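Colleague: Contents of target.pdb (PDB, C-alpha atoms and all ligand atoms) are given next:
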ATOM      1  CA  MET A 454      88.943 107.991 102.754
ATOM      2  CA  SER A 455      86.244 105.390 102.197
ATOM      3  CA  LEU A 456      87.106 101.771 101.550
ATOM      4  CA  ASP A 457      85.951 102.081  97.935
ATOM      5  CA  ASN A 458      88.219 105.054  97.299
ATOM      6  CA  LEU A 459      91.110 103.239  98.877
ATOM      7  CA  ARG A 460      90.479 100.262  96.634
ATOM      8  CA  ASP A 461      90.476 102.573  93.601
ATOM      9  CA  LEU A 462      93.808 104.005  94.701
ATOM     10  CA  TYR A 463      95.332 100.533  94.991
ATOM     11  CA  GLN A 464      94.053  99.665  91.543
ATOM     12  CA  GLN A 465      95.378 102.888  90.084
ATOM     13  CA  VAL A 466      98.891 102.320  91.412
ATOM     14  CA  ILE A 467      98.888  98.685  90.301
ATOM     15  CA  LEU A 468      97.668  99.481  86.796
ATOM     16  CA  GLU A 469     100.070 102.383  86.393
ATOM     17  CA  ARG A 470     103.064 100.216  87.353
ATOM     18  CA  TYR A 471     101.872  97.394  85.157
ATOM     19  CA  LYS A 472     101.553  99.639  82.094
ATOM     20  CA  LYS A 473     104.683 101.688  82.739
ATOM     21  CA  PRO A 474     107.137  99.687  84.803
ATOM     22  CA  ARG A 475     110.188 101.677  85.890
ATOM     23  CA  TYR A 476     112.552  98.799  86.598
ATOM     24  CA  LYS A 477     112.037  96.420  83.719
ATOM     25  CA  GLY A 478     115.177  94.962  82.114
ATOM     26  CA  LYS A 479     118.407  93.395  83.323
ATOM     27  CA  THR A 480     121.067  94.843  85.587
ATOM     28  CA  SER A 481     124.612  95.318  84.356
ATOM     29  CA  PRO A 482     126.563  93.498  85.589
ATOM     30  CA  ILE A 483     124.344  90.633  86.732
ATOM     31  CA  ASP A 484     125.563  89.420  90.128
ATOM     32  CA  ARG A 485     122.487  87.363  90.896
ATOM     33  CA  TYR A 486     119.934  85.867  88.568
ATOM     34  CA  GLN A 487     116.811  84.039  89.600
ATOM     35  CA  LYS A 488     113.712  82.829  87.808
ATOM     36  CA  GLY A 489     110.425  82.443  89.610
ATOM     37  CA  HIS A 490     107.092  80.974  88.660
ATOM     38  CA  ASN A 491     103.611  81.147  90.137
ATOM     39  CA  PRO A 492     101.761  78.156  88.635
ATOM     40  CA  SER A 493      98.399  79.087  90.133
ATOM     41  CA  CYS A 494      98.201  82.161  87.893
ATOM     42  CA  GLY A 495     100.904  81.520  85.293
ATOM     43  CA  ASP A 496     103.105  84.461  86.295
ATOM     44  CA  THR A 497     106.824  84.184  85.597
ATOM     45  CA  ILE A 498     109.612  86.524  86.601
ATOM     46  CA  GLU A 499     113.325  86.829  85.919
ATOM     47  CA  LEU A 500     115.053  88.864  88.552
ATOM     48  CA  THR A 501     118.570  90.280  88.228
ATOM     49  CA  LEU A 502     120.580  92.010  90.944
ATOM     50  CA  HIS A 503     123.728  94.079  90.889
ATOM     51  CA  LEU A 504     125.434  93.878  94.290
ATOM     52  CA  GLU A 505     128.211  96.039  95.654
ATOM     53  CA  ASP A 506     130.413  95.517  98.690
ATOM     54  CA  ASP A 507     129.148  97.545 101.600
ATOM     55  CA  PRO A 508     131.850  99.474 103.508
ATOM     56  CA  GLN A 509     130.240  98.221 106.758
ATOM     57  CA  GLY A 510     130.623  94.635 105.535
ATOM     58  CA  GLY A 511     128.302  92.425 103.526
ATOM     59  CA  SER A 512     126.662  93.486 100.282
ATOM     60  CA  ARG A 513     124.376  96.244  99.205
ATOM     61  CA  ILE A 514     121.862  96.126  96.357
ATOM     62  CA  ALA A 515     123.051  98.698  93.827
ATOM     63  CA  ASP A 516     120.452  97.833  91.215
ATOM     64  CA  VAL A 517     117.483  95.506  90.709
ATOM     65  CA  LYS A 518     115.606  94.808  87.506
ATOM     66  CA  PHE A 519     112.992  92.312  86.429
ATOM     67  CA  GLU A 520     111.545  90.823  83.298
ATOM     68  CA  GLY A 521     108.504  88.648  83.131
ATOM     69  CA  GLU A 522     105.049  87.825  81.959
ATOM     70  CA  GLY A 523     102.049  87.806  84.185
ATOM     71  CA  CYS A 524      99.055  89.527  85.647
ATOM     72  CA  ALA A 525      99.032  93.199  86.639
ATOM     73  CA  ILE A 526      99.463  92.363  90.320
ATOM     74  CA  SER A 527     102.578  90.225  89.869
ATOM     75  CA  MET A 528     104.262  92.755  87.560
ATOM     76  CA  ALA A 529     103.332  95.801  89.646
ATOM     77  CA  SER A 530     104.559  94.040  92.780
ATOM     78  CA  ALA A 531     107.923  93.323  91.107
ATOM     79  CA  ASP A 532     108.286  96.942  90.015
ATOM     80  CA  LEU A 533     107.461  98.328  93.461
ATOM     81  CA  MET A 534     109.829  95.821  95.030
ATOM     82  CA  ALA A 535     112.682  96.805  92.704
ATOM     83  CA  GLU A 536     112.210 100.445  93.629
ATOM     84  CA  ALA A 537     112.136  99.736  97.366
ATOM     85  CA  LEU A 538     115.253  97.531  97.307
ATOM     86  CA  ARG A 539     117.736  99.929  95.762
ATOM     87  CA  GLY A 540     120.454 100.823  98.247
ATOM     88  CA  LYS A 541     119.389  98.234 100.836
ATOM     89  CA  THR A 542     121.832  95.711 102.260
ATOM     90  CA  THR A 543     121.103  92.060 101.537
ATOM     91  CA  ASP A 544     120.190  91.582 105.234
ATOM     92  CA  GLU A 545     117.733  94.469 105.074
ATOM     93  CA  ALA A 546     116.277  93.009 101.880
ATOM     94  CA  LEU A 547     115.720  89.628 103.547
ATOM     95  CA  GLU A 548     113.966  91.405 106.439
ATOM     96  CA  MET A 549     111.759  93.141 103.882
ATOM     97  CA  VAL A 550     110.784  89.761 102.418
ATOM     98  CA  GLN A 551     109.575  88.675 105.879
ATOM     99  CA  LYS A 552     107.790  91.958 106.383
ATOM    100  CA  PHE A 553     106.077  91.810 103.010
ATOM    101  CA  GLN A 554     104.769  88.326 103.685
ATOM    102  CA  ALA A 555     103.573  89.410 107.149
ATOM    103  CA  MET A 556     101.867  92.431 105.596
ATOM    104  CA  MET A 557     100.014  90.209 103.142
ATOM    105  CA  ARG A 558      98.764  88.220 106.140
ATOM    106  CA  GLY A 559      97.568  91.496 107.684
ATOM    107  CA  GLU A 560     100.143  91.354 110.486
ATOM    108  CA  ALA A 561     102.415  94.287 109.644
ATOM    109  CA  GLU A 562     102.805  97.454 107.616
ATOM    110  CA  PHE A 563     105.794  99.160 106.074
ATOM    111  CA  PRO A 564     106.983 102.457 107.575
ATOM    112  CA  THR A 565     106.512 105.794 105.798
ATOM    113  CA  ASP A 566     109.680 105.620 103.689
ATOM    114  CA  LEU A 567     108.467 102.344 102.164
ATOM    115  CA  ARG A 568     104.754 103.051 102.280
ATOM    116  CA  LYS A 569     104.226 102.402  98.554
ATOM    117  CA  LEU A 570     104.643  98.716  99.306
ATOM    118  CA  ASN A 571     101.536  98.876 101.483
ATOM    119  CA  VAL A 572      99.514  99.298  98.290
ATOM    120  CA  MET A 573      99.799  95.536  97.813
ATOM    121  CA  GLN A 574      97.830  95.061 101.005
ATOM    122  CA  GLY A 575      94.731  95.859  98.959
ATOM    123  CA  VAL A 576      95.345  92.594  97.141
ATOM    124  CA  ALA A 577      95.244  90.596 100.368
ATOM    125  CA  GLN A 578      91.454  90.783 100.303
ATOM    126  CA  PHE A 579      91.613  88.413  97.349
ATOM    127  CA  PRO A 580      93.368  85.296  98.641
ATOM    128  CA  VAL A 581      94.026  83.828  95.178
ATOM    129  CA  ARG A 582      96.035  86.913  94.220
ATOM    130  CA  ILE A 583      98.331  86.876  97.245
ATOM    131  CA  LYS A 584     100.679  84.458  95.465
ATOM    132  CA  CYS A 585     100.855  86.901  92.554
ATOM    133  CA  ALA A 586     101.979  89.699  94.874
ATOM    134  CA  ASN A 587     104.402  87.416  96.733
ATOM    135  CA  LEU A 588     106.093  85.965  93.635
ATOM    136  CA  SER A 589     108.758  88.654  93.191
ATOM    137  CA  TRP A 590     109.619  88.596  96.910
ATOM    138  CA  HIS A 591     109.786  84.826  96.940
ATOM    139  CA  THR A 592     112.133  84.978  93.944
ATOM    140  CA  LEU A 593     114.248  87.673  95.599
ATOM    141  CA  LYS A 594     114.720  85.514  98.685
ATOM    142  CA  ALA A 595     115.994  82.646  96.542
ATOM    143  CA  ALA A 596     118.311  85.040  94.653
ATOM    144  CA  LEU A 597     119.817  86.396  97.873
ATOM    145  CA  GLU A 598     120.206  83.015  99.493
ATOM    146  CA  ALA A 599     121.913  81.426  96.486
ATOM    147  CA  ALA A 600     125.681  81.428  96.721
ATOM    148  CA  GLN A 601     127.358  83.662  94.186
ATOM    149  CA  GLY A 602     128.099  81.926  90.909
ATOM    150  CA  GLU A 603     125.778  79.040  91.701
ATOM    151  CA  GLN A 604     123.729  77.654  88.805
ATOM    152  CA  PRO A 605     120.458  79.534  88.686
ATOM    153  CA  GLU A 606     117.561  77.460  89.875
ATOM    154  CA  PHE A 607     113.956  77.845  88.899
ATOM    155  CA  VAL A 608     111.821  78.511  91.957
ATOM    156  CA  SER A 609     108.106  77.953  92.221
ATOM    157  CA  ASN A 610     105.919  79.322  94.988
ATOM    158  CA  GLU A 611     103.409  76.527  94.608
ATOM    159  CA  ALA A 612     104.262  75.025  98.011
ATOM    160  CA  GLU A 613     103.740  78.346  99.755
ATOM    161  CA  GLY A 614     100.609  78.627 101.847
TER     162      GLY A 614
HETATM  163 ZN    ZN A 701      99.095  86.549  88.875
END
As structure tokens, how would this structure be written, given the file I've shared?
Modeller:
Amino acid sequence: MSLDNLRDLYQQVILERYKKPRYKGKTSPIDRYQKGHNPSCGDTIELTLHLEDDPQGGSRIADVKFEGEGCAISMASADLMAEALRGKTTDEALEMVQKFQAMMRGEAEFPTDLRKLNVMQGVAQFPVRIKCANLSWHTLKAALEAAQGEQPEFVSNEAEG
């Protein structure tokens, strides 16, 4: 597949998810709630998580939904993230945050079962859009690290490199 075709494929997936998101809304119940903002583009996201106790200990993500306003990349990234997170433990989800950020730096790729996330790598050629792709993951990290019942805090990824 030529580079141009690959770029078209990335764009197709991003536009499709942007127009028809599959995970837009709010979870019920809402166990975690986190707002995120990407000032460099104006993207905002509200992420909700429904967590369940994992029989092995810790918590598992039973459901993830998002609402927000922003560019196609930020919204498509949130939708792909929500899909990939379902059923993961919170530890696995935090590892995925690291992996996503490494992928955007060109240092890693997701394995076959999560390969849809690699679509966002196409965005990494455009440095100004990396923050758009990272916003939902950045917000997820804050949501997972916040203690349960803590007042929701508004996170911004402005300080991120
Ligand atoms: Zn954006």
Colleague: Which neighbours of segment 540-546 of chain A fall inside 6 Å, counting all atoms listed in the file, when residues of the same chain fewer than 3 positions from it are skipped, and could you give them as a ChimeraX atom specification?
Modeller: /A:512-515,549
Colleague: Given only C-alpha atoms as the basis, pick out the residue of A:Glu469, A:Asp507, A:Glu499, A:Glu562 nearest to Ala595 of chain A.
Modeller: A:Glu499
Colleague: Would you pick out the contacts of segment 500-503 of chain A at 7 Å or less, using all atoms listed in the file, so that residues sharing its chain but fewer than 3 positions from it are not included, and give the list as a PyMOL selection string?
Modeller: chain A and resi 479-488+514-520
Colleague: When the cut-off is 8 Å and you count all atoms listed in the file, which residues lie near ligand ZN 701 (chain A), shown as number ranges by chain?
Modeller: A: 491, 493-496, 523-527, 582, 584-586
Colleague: Next, dump the selected residues to file, keeping only C-alpha atoms, as a short mmCIF file (atom, residue, chain, number, x, y, z; two decimals), in the coordinates of the input.
Modeller:
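New file part.cif:
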data_model
loop_
_atom_site.label_atom_id
_atom_site.label_comp_id
_atom_site.auth_asym_id
_atom_site.auth_seq_id
_atom_site.Cartn_x
_atom_site.Cartn_y
_atom_site.Cartn_z
CA ASN A 491 103.61 81.15 90.14
CA SER A 493 98.40 79.09 90.13
CA CYS A 494 98.20 82.16 87.89
CA GLY A 495 100.90 81.52 85.29
CA ASP A 496 103.10 84.46 86.30
CA GLY A 523 102.05 87.81 84.18
CA CYS A 524 99.06 89.53 85.65
CA ALA A 525 99.03 93.20 86.64
CA ILE A 526 99.46 92.36 90.32
CA SER A 527 102.58 90.22 89.87
CA ARG A 582 96.04 86.91 94.22
CA LYS A 584 100.68 84.46 95.46
CA CYS A 585 100.86 86.90 92.55
CA ALA A 586 101.98 89.70 94.87
#
Colleague: Point out the residue among A:Gly478, A:Leu504, A:Ala577, A:Ala537 with the least atom-to-atom distance to Phe563 of chain A, counting all atoms listed in the file.
Modeller: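 The closest residue to Phe563 of chain A is A:Ala537.
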Colleague: Please evaluate the PyMOL selection byres (((chain A and resi 556) around 12) and not hetatm) against the structure above and give the resulting residues as a list in words.
Modeller: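 Given this file, the PyMOL selection byres (((chain A and resi 556) around 12) and not hetatm) evaluates to Met549, Val550, Gln551, Lys552, Phe553, Gln554, Ala555, Met557, Arg558, Gly559, Glu560, Ala561, Glu562, Phe563, Pro564, Arg568, Leu570, Asn571, Val572, Met573, Gln574, Gly575, Val576, Ala577, Gln578, Ile583, Ala586 and Asn587 of chain A.
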Colleague: Could you work out how far atom CA of Glu505 of chain A lies from atom CA of Gly521 of chain A, giving the answer in Å with one decimal?
Modeller: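 Answer for the atom CA of Gly521 of chain A to atom CA of Glu505 of chain A separation: 24.5 Å.
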Colleague: Quick one: of A:Gln465, A:Ala529, A:Pro492, A:Leu593, who's nearest to Val581 of chain A, counting all atoms listed in the file?
Modeller: A:Pro492
Colleague: Mind giving me the straight-line distance from atom CA of Glu522 of chain A to atom CA of Thr497 of chain A in Å, one decimal?
Modeller: 5.4 Å
Colleague: What does the structure give for the distance between atom CA of Leu588 of chain A and atom CA of Ser530 of chain A, in Å to one decimal?
Modeller: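 That distance, rounded to one decimal, is 8.3 Å.
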Colleague: Can you spell out as a list in words the set of residues that the PyMOL selection byres (((chain A and resi 470) around 10) and not hetatm) selects in the structure I just provided?
Modeller: Gln464, Gln465, Val466, Ile467, Leu468, Glu469, Tyr471, Lys472, Lys473, Pro474, Arg475, Tyr476, Ala525, Ile526, Met528, Ala529, Ser530, Ala531, Asp532 and Leu533 of chain A
Colleague: Which of these residues is nearest to Thr592 of chain A, using all atoms listed in the file: A:Lys477, A:Leu567, A:Ile498, A:Glu611?
Modeller: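 For Thr592 of chain A, the nearest of the given residues is A:Ile498.
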